[in-house]
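Enquirer: The structure follows.
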Amino acid sequence: MTFPTGSGRDCARAWEAMPWVLQQSAPQEQSDWLMEHLAGCESCRAEYEQQSRLRRAVSLPSDMAIDANVGLKRLLARLDAPEPQVAPLRARSSGWLTRALVAAVLVQALGIGALGMKLWSDGDGAMYHTLSQETASPAPPGAIHVVPDATMKLADWNALLRTLQLQVVGGPNDVGAYTVIPLHSASTSQATLQQLRATRGIRLAEPVTDAP
Amino acid sequence: MNEADIDADATDRMLLQRMAAGDRTALSVLYRGYHGRLCRFLSRLTRRPDIIEEVINDCFWIAWQKADNFHGDSRVSTWIMGIAYRCGLKALRQHGDEPVEDDAIPDDRTPAHDPGEDRELRDWLGKGMDRLSADQRVVVELVYGVGHSLDDVAVIMQCPVGTVKARLFHARVKLRNVLPALAGESRATKESVS
């Protein structure tokens with residue numbers, strides 16, 4: 001630092017001592033030394049005069065007309081309800097940002113929720129199935145899978161169904177199997193199965209079971 | 001610290017102890033005792049009376065809450081001024097540190113008893129302070145106005161003593177270059193600051 005007063009070492013020392021001598025916090029010997037120096041140094045004397053004036057000016061009462069009683073009344077009211085009084089101070093500047101962030105989070109949550117619902121509902125109906133996969137609805141009681149030969153005439157097929165009192169309820173599936181059930185009884189008799197298997201033109205007749 | 005300061009600090013400590021016990025009368029006494037110097041101190045940061053009042057109340061709200069945490073590491077006045085300084089900076093960040101125009105300041109802000117010499121001195125100081133940064137104005141106020149030591153100011157502003165010393169030095173150089181001309185003196189110094 002270059003001291004603005006005289007270039008002497010004593011002037012630098014005087015410059016540093018002035019504020020503390022002025023506020024009467026400097027040791028007595030420092031004050032005495034400064035007074036001696038000022039007596040012989042016009043530059044430092046002028047500086048000290050200005051510093052004194054600065055101190056008088058800074059020490060003047062505030063020019064801001066602020067009523068202490070009004071402020072104290074507000075403070076005491078605030079002590080009775082401290083929390084609600086603190087929040088608005090922050091809310092004034094950051095309230096809009098907080099609200100925007102909350103809105104963004106809500107929108108994201110709604111979007112994630114909607115996507116989750118869609119994924120969950122799609123999970124029940126897969127777009128593919130395997131040959132071993134069970135059909136969506138359980139097989140009716142007494143159902144039989146029947147695979148007629150490709151050369152079997154429709155009339156013979158219909159006649160067979162009438163004779164055995166069967167009704168087609170499904171098929172043909174990918175392997176040409178029809179699902180038939182008895183018209184009048186809830187269960188398939190072994191005799192019906194044997195008749196089907198013995199019929200010419202029937203390649204396969206097997207009862208449908210829920211378990212593989 | 002002279003004897004008057006020691007007595008004042010002892011009184012302040014007693015008031016803080018009573019505040020810690022929930023004594024609102026002690027709070028009122030301390031509030032009134034510090035209101036004037038806090039107004040002047042904060043007026044070096046902002047010229048908005050509404051912010052100053054808000055900061056003073058924030059400061060004493062914190063002092064009320066933390067009165068029992070004061071362990072006496074510093075003077076009570078240093079502790080309170082430090083709280084006020086931090087509250088002031090926070091308020092300026094929230095409200096913006098642009099001072100209101102002089103036209104917006106009510107005419108009655110200048111005390112009615114302000115004699116001509118004081119008014120002239122106040123104007124002289126105001127024009128000098130305008131050239132300083134906020135931190136420099138605060139240091140000038142704390143040293144010349146309140147009478148704090150460099151160590152106290154470092155505690156209040158939460159910075160090293162060397163930083164306070166540098167701020168005070170630069171503030172003094174700037175004021176020295178500006179104020180004599182404003183005071184009608186012919187001396188014009190052009191010292192360099194390194």
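Every chain in the structure tokens takes a letter, A first, then B, and so on in the order presented; its residues are numbered from 1, and the ligands are numbered from 1 following the presented order.
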Among stretch 15-208 of chain A, which ones does DSSP place in helix (DSSP H, G or I), written as a ChimeraX atom specification?

Expert: /A:15-22,28-40,42-58,68-80,82-124,154-164,190-198

Enquirer: Go ahead and write the residues just picked, C-alpha atoms, as a short mmCIF file (atom, residue, chain, number, x, y, z; two decimals), in the first residue's frame.

Expert:
data_model
loop_
_atom_site.label_atom_id
_atom_site.label_comp_id
_atom_site.auth_asym_id
_atom_site.auth_seq_id
_atom_site.Cartn_x
_atom_site.Cartn_y
_atom_site.Cartn_z
CA TRP A 15 -2.13 7.37 8.94
CA GLU A 16 -2.71 3.99 10.53
CA ALA A 17 -3.11 5.39 14.03
CA MET A 18 -5.66 8.10 13.22
CA PRO A 19 -8.94 6.11 13.30
CA TRP A 20 -8.11 4.49 16.63
CA VAL A 21 -6.92 7.70 18.22
CA LEU A 22 -10.10 9.38 17.02
CA GLN A 28 -2.28 6.62 25.46
CA GLU A 29 1.32 6.50 24.24
CA GLN A 30 0.14 6.08 20.65
CA SER A 31 -2.16 9.06 21.00
CA ASP A 32 0.62 11.14 22.49
CA TRP A 33 2.99 10.15 19.71
CA LEU A 34 0.44 11.07 17.05
CA MET A 35 -0.17 14.49 18.58
CA GLU A 36 3.54 15.12 18.57
CA HIS A 37 3.79 14.07 14.96
CA LEU A 38 0.85 16.22 13.90
CA ALA A 39 2.44 19.24 15.51
CA GLY A 40 5.30 19.00 13.06
CA GLU A 42 1.19 19.77 8.04
CA SER A 43 0.11 17.01 5.65
CA CYS A 44 -0.84 14.62 8.45
CA ARG A 45 -2.48 17.47 10.36
CA ALA A 46 -4.74 18.18 7.40
CA GLU A 47 -5.51 14.49 7.10
CA TYR A 48 -6.34 14.28 10.79
CA GLU A 49 -8.66 17.28 10.48
CA GLN A 50 -10.46 15.56 7.66
CA GLN A 51 -10.65 12.31 9.60
CA SER A 52 -12.17 14.19 12.53
CA ARG A 53 -14.73 15.72 10.25
CA LEU A 54 -15.47 12.31 8.75
CA ARG A 55 -16.03 10.87 12.21
CA ARG A 56 -18.39 13.71 13.15
CA ALA A 57 -20.32 13.22 9.92
CA VAL A 58 -20.59 9.45 10.26
CA ALA A 68 -38.77 2.35 16.68
CA ASN A 69 -42.13 1.93 18.43
CA VAL A 70 -43.87 0.80 15.27
CA GLY A 71 -41.08 -1.66 14.49
CA LEU A 72 -41.06 -3.02 18.03
CA LYS A 73 -44.82 -3.51 17.96
CA ARG A 74 -44.49 -5.51 14.76
CA LEU A 75 -41.66 -7.57 16.21
CA LEU A 76 -43.64 -8.46 19.32
CA ALA A 77 -46.59 -9.46 17.16
CA ARG A 78 -44.24 -11.60 15.10
CA LEU A 79 -42.96 -13.40 18.19
CA ASP A 80 -46.48 -14.58 18.92
CA PRO A 82 -43.13 -16.63 14.33
CA GLU A 83 -43.55 -19.25 11.63
CA PRO A 84 -46.15 -17.55 9.43
CA GLN A 85 -44.13 -14.35 9.59
CA VAL A 86 -40.92 -15.92 8.35
CA ALA A 87 -42.32 -17.71 5.36
CA PRO A 88 -43.49 -14.69 3.33
CA LEU A 89 -39.98 -13.21 3.36
CA ARG A 90 -38.75 -16.10 1.30
CA ALA A 91 -41.96 -16.52 -0.62
CA ARG A 92 -41.76 -13.03 -2.07
CA SER A 93 -38.76 -13.76 -4.21
CA SER A 94 -38.78 -17.50 -4.70
CA GLY A 95 -42.51 -18.23 -4.55
CA TRP A 96 -43.00 -18.34 -8.30
CA LEU A 97 -40.04 -20.67 -8.71
CA THR A 98 -41.31 -23.01 -6.02
CA ARG A 99 -44.77 -23.05 -7.53
CA ALA A 100 -43.35 -23.76 -10.99
CA LEU A 101 -41.24 -26.63 -9.67
CA VAL A 102 -44.20 -28.12 -7.81
CA ALA A 103 -46.33 -27.87 -10.95
CA ALA A 104 -43.62 -29.55 -13.01
CA VAL A 105 -43.32 -32.39 -10.50
CA LEU A 106 -47.09 -32.86 -10.47
CA VAL A 107 -47.25 -33.00 -14.26
CA GLN A 108 -44.44 -35.54 -14.30
CA ALA A 109 -46.16 -37.62 -11.63
CA LEU A 110 -49.41 -37.62 -13.60
CA GLY A 111 -47.58 -38.63 -16.78
CA ILE A 112 -45.74 -41.44 -15.03
CA GLY A 113 -49.00 -42.60 -13.49
CA ALA A 114 -50.78 -42.63 -16.83
CA LEU A 115 -47.95 -44.57 -18.48
CA GLY A 116 -47.93 -47.02 -15.60
CA MET A 117 -51.66 -47.62 -15.92
CA LYS A 118 -51.32 -48.18 -19.66
CA LEU A 119 -48.45 -50.63 -19.22
CA TRP A 120 -50.33 -52.48 -16.48
CA SER A 121 -53.47 -52.82 -18.56
CA ASP A 122 -51.50 -53.94 -21.63
CA GLY A 123 -49.79 -56.64 -19.59
CA ASP A 124 -52.98 -58.74 -19.43
CA LEU A 154 -68.88 -82.15 -44.24
CA ALA A 155 -72.01 -84.29 -44.35
CA ASP A 156 -70.23 -87.16 -42.62
CA TRP A 157 -68.89 -84.71 -39.99
CA ASN A 158 -72.34 -83.31 -39.34
CA ALA A 159 -73.85 -86.78 -39.19
CA LEU A 160 -71.24 -87.88 -36.67
CA LEU A 161 -71.95 -84.87 -34.46
CA ARG A 162 -75.68 -85.53 -34.58
CA THR A 163 -75.21 -89.25 -33.83
CA LEU A 164 -73.02 -88.60 -30.82
CA GLN A 190 -65.68 -92.79 -22.38
CA ALA A 191 -68.00 -94.42 -24.88
CA THR A 192 -68.35 -91.19 -26.85
CA LEU A 193 -64.59 -90.88 -27.00
CA GLN A 194 -64.20 -94.44 -28.20
CA GLN A 195 -66.90 -93.96 -30.81
CA LEU A 196 -65.13 -90.87 -32.09
CA ARG A 197 -61.80 -92.64 -32.24
CA ALA A 198 -63.39 -95.57 -34.01
#

Enquirer: As an exercise, work out the distance from atom CA of B:Leu42 to atom CA of B:His95 in Å and give it to one decimal place.

Expert: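 That distance, rounded to one decimal, is 14.2 Å.
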
Enquirer: Restricting the calculation to only C-alpha atoms, which member of B:Met19, B:Ala154, B:Leu27, B:Cys39 is positioned closest to A:Ala65?

Expert: B:Cys39

Enquirer: What is the distance between atom CA of B:Met14 and atom CA of B:Asp151, in Å to one decimal?

Expert: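 Atom-to-atom, atom CA of B:Met14 and atom CA of B:Asp151 are spaced 23.5 Å apart.
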
Enquirer: Go through B:His71, B:Arg176, B:Arg93, B:Arg47 one by one, measure the shortest atom-to-atom distance of each to B:Trp124 using only C-alpha atoms, and give the residue with the smallest value.

Expert: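 Checking each of B:His71, B:Arg176, B:Arg93, B:Arg47 against B:Trp124, counting only C-alpha atoms, the winner is B:Arg176.
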
Enquirer: With only C-alpha atoms as the atoms that count, which of B:Lys174, B:Arg40, B:Arg75, B:Arg24 lies nearest to chain A?

Expert: B:Arg40

Enquirer: Give me, please, the distance in Å between atom CA of B:Ser43 and atom CA of B:Trp64, quoted to one decimal.

Expert: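 Straight-line distance from atom CA of B:Ser43 to atom CA of B:Trp64 works out to 22.9 Å.
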
Enquirer: Please identify all polymer residues within 9 Å of B:Gly88, counting only C-alpha atoms, omitting same-chain residues fewer than 2 positions from it, and present them as a ChimeraX atom specification.

Expert: /B:42,45-46,51-52,54-56,59,83-86,90-93

Enquirer: Take the residues from that selection and put them in a file with N, CA and C atoms, as a PDB file, in the first residue's frame.

Expert:
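Below is the file that was written, selection27.pdb:
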ATOM      1  N   LEU B  42     -27.481   0.316   8.776  1.00  0.00           N
ATOM      2  CA  LEU B  42     -28.127  -0.292   7.601  1.00  0.00           C
ATOM      3  C   LEU B  42     -28.360   0.721   6.494  1.00  0.00           C
ATOM      4  N   LEU B  45     -26.092   0.474   3.769  1.00  0.00           N
ATOM      5  CA  LEU B  45     -26.303  -0.609   2.803  1.00  0.00           C
ATOM      6  C   LEU B  45     -27.423  -0.290   1.836  1.00  0.00           C
ATOM      7  N   THR B  46     -28.469   0.345   2.337  1.00  0.00           N
ATOM      8  CA  THR B  46     -29.629   0.622   1.499  1.00  0.00           C
ATOM      9  C   THR B  46     -30.275   1.926   1.940  1.00  0.00           C
ATOM     10  N   ILE B  51     -36.903  -1.713   3.943  1.00  0.00           N
ATOM     11  CA  ILE B  51     -35.949  -2.819   4.097  1.00  0.00           C
ATOM     12  C   ILE B  51     -35.220  -2.698   5.433  1.00  0.00           C
ATOM     13  N   ILE B  52     -34.861  -1.457   5.785  1.00  0.00           N
ATOM     14  CA  ILE B  52     -34.144  -1.263   7.053  1.00  0.00           C
ATOM     15  C   ILE B  52     -35.003  -1.734   8.223  1.00  0.00           C
ATOM     16  N   GLU B  54     -37.416  -3.889   8.159  1.00  0.00           N
ATOM     17  CA  GLU B  54     -37.544  -5.345   8.081  1.00  0.00           C
ATOM     18  C   GLU B  54     -36.282  -6.035   8.610  1.00  0.00           C
ATOM     19  N   VAL B  55     -35.122  -5.491   8.243  1.00  0.00           N
ATOM     20  CA  VAL B  55     -33.857  -6.110   8.665  1.00  0.00           C
ATOM     21  C   VAL B  55     -33.671  -5.987  10.179  1.00  0.00           C
ATOM     22  N   ILE B  56     -34.020  -4.829  10.722  1.00  0.00           N
ATOM     23  CA  ILE B  56     -33.896  -4.663  12.177  1.00  0.00           C
ATOM     24  C   ILE B  56     -34.769  -5.693  12.902  1.00  0.00           C
ATOM     25  N   CYS B  59     -33.290  -9.100  12.577  1.00  0.00           N
ATOM     26  CA  CYS B  59     -32.130  -9.181  13.457  1.00  0.00           C
ATOM     27  C   CYS B  59     -32.562  -9.483  14.897  1.00  0.00           C
ATOM     28  N   ILE B  83     -25.304  -9.985  13.159  1.00  0.00           N
ATOM     29  CA  ILE B  83     -26.601 -10.525  12.723  1.00  0.00           C
ATOM     30  C   ILE B  83     -27.266  -9.540  11.760  1.00  0.00           C
ATOM     31  N   ALA B  84     -27.231  -8.260  12.147  1.00  0.00           N
ATOM     32  CA  ALA B  84     -27.864  -7.233  11.302  1.00  0.00           C
ATOM     33  C   ALA B  84     -27.197  -7.176   9.922  1.00  0.00           C
ATOM     34  N   TYR B  85     -25.881  -7.299   9.901  1.00  0.00           N
ATOM     35  CA  TYR B  85     -25.156  -7.247   8.620  1.00  0.00           C
ATOM     36  C   TYR B  85     -25.584  -8.403   7.716  1.00  0.00           C
ATOM     37  N   ARG B  86     -25.641  -9.602   8.293  1.00  0.00           N
ATOM     38  CA  ARG B  86     -26.031 -10.767   7.473  1.00  0.00           C
ATOM     39  C   ARG B  86     -27.492 -10.668   7.040  1.00  0.00           C
ATOM     40  N   LYS B  90     -28.845 -10.398   3.165  1.00  0.00           N
ATOM     41  CA  LYS B  90     -29.889 -11.318   2.702  1.00  0.00           C
ATOM     42  C   LYS B  90     -31.079 -10.535   2.141  1.00  0.00           C
ATOM     43  N   ALA B  91     -31.447  -9.477   2.856  1.00  0.00           N
ATOM     44  CA  ALA B  91     -32.581  -8.660   2.388  1.00  0.00           C
ATOM     45  C   ALA B  91     -32.252  -7.999   1.053  1.00  0.00           C
ATOM     46  N   LEU B  92     -31.009  -7.556   0.903  1.00  0.00           N
ATOM     47  CA  LEU B  92     -30.630  -6.922  -0.367  1.00  0.00           C
ATOM     48  C   LEU B  92     -30.673  -7.924  -1.505  1.00  0.00           C
ATOM     49  N   ARG B  93     -30.295  -9.169  -1.222  1.00  0.00           N
ATOM     50  CA  ARG B  93     -30.379 -10.198  -2.272  1.00  0.00           C
ATOM     51  C   ARG B  93     -31.827 -10.442  -2.662  1.00  0.00           C
TER      52      ARG B  93
END

Enquirer: Kindly indicate which residue among B:Gly145, B:Asp7, B:Asp50, B:Val76 lies nearest to chain A, using only C-alpha atoms for the distances.

Expert: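 Going through B:Gly145, B:Asp7, B:Asp50, B:Val76 one by one, the smallest distance to chain A is for B:Gly145.
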
Enquirer: Can you work out which one of B:Leu15, B:Ser77, B:Gln158, B:Ala63 has the shortest atom-to-atom distance to B:Tyr34, counting only C-alpha atoms?

Expert: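 Going through B:Leu15, B:Ser77, B:Gln158, B:Ala63 one by one, the smallest distance to B:Tyr34 is for B:Ser77.
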
Enquirer: I'd like to know which of A:Val169, A:Cys41, A:Met64, A:Cys11 is closest to chain B, using only C-alpha atoms.

Expert: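 Ranking A:Val169, A:Cys41, A:Met64, A:Cys11 by distance to chain B, first place goes to A:Met64.
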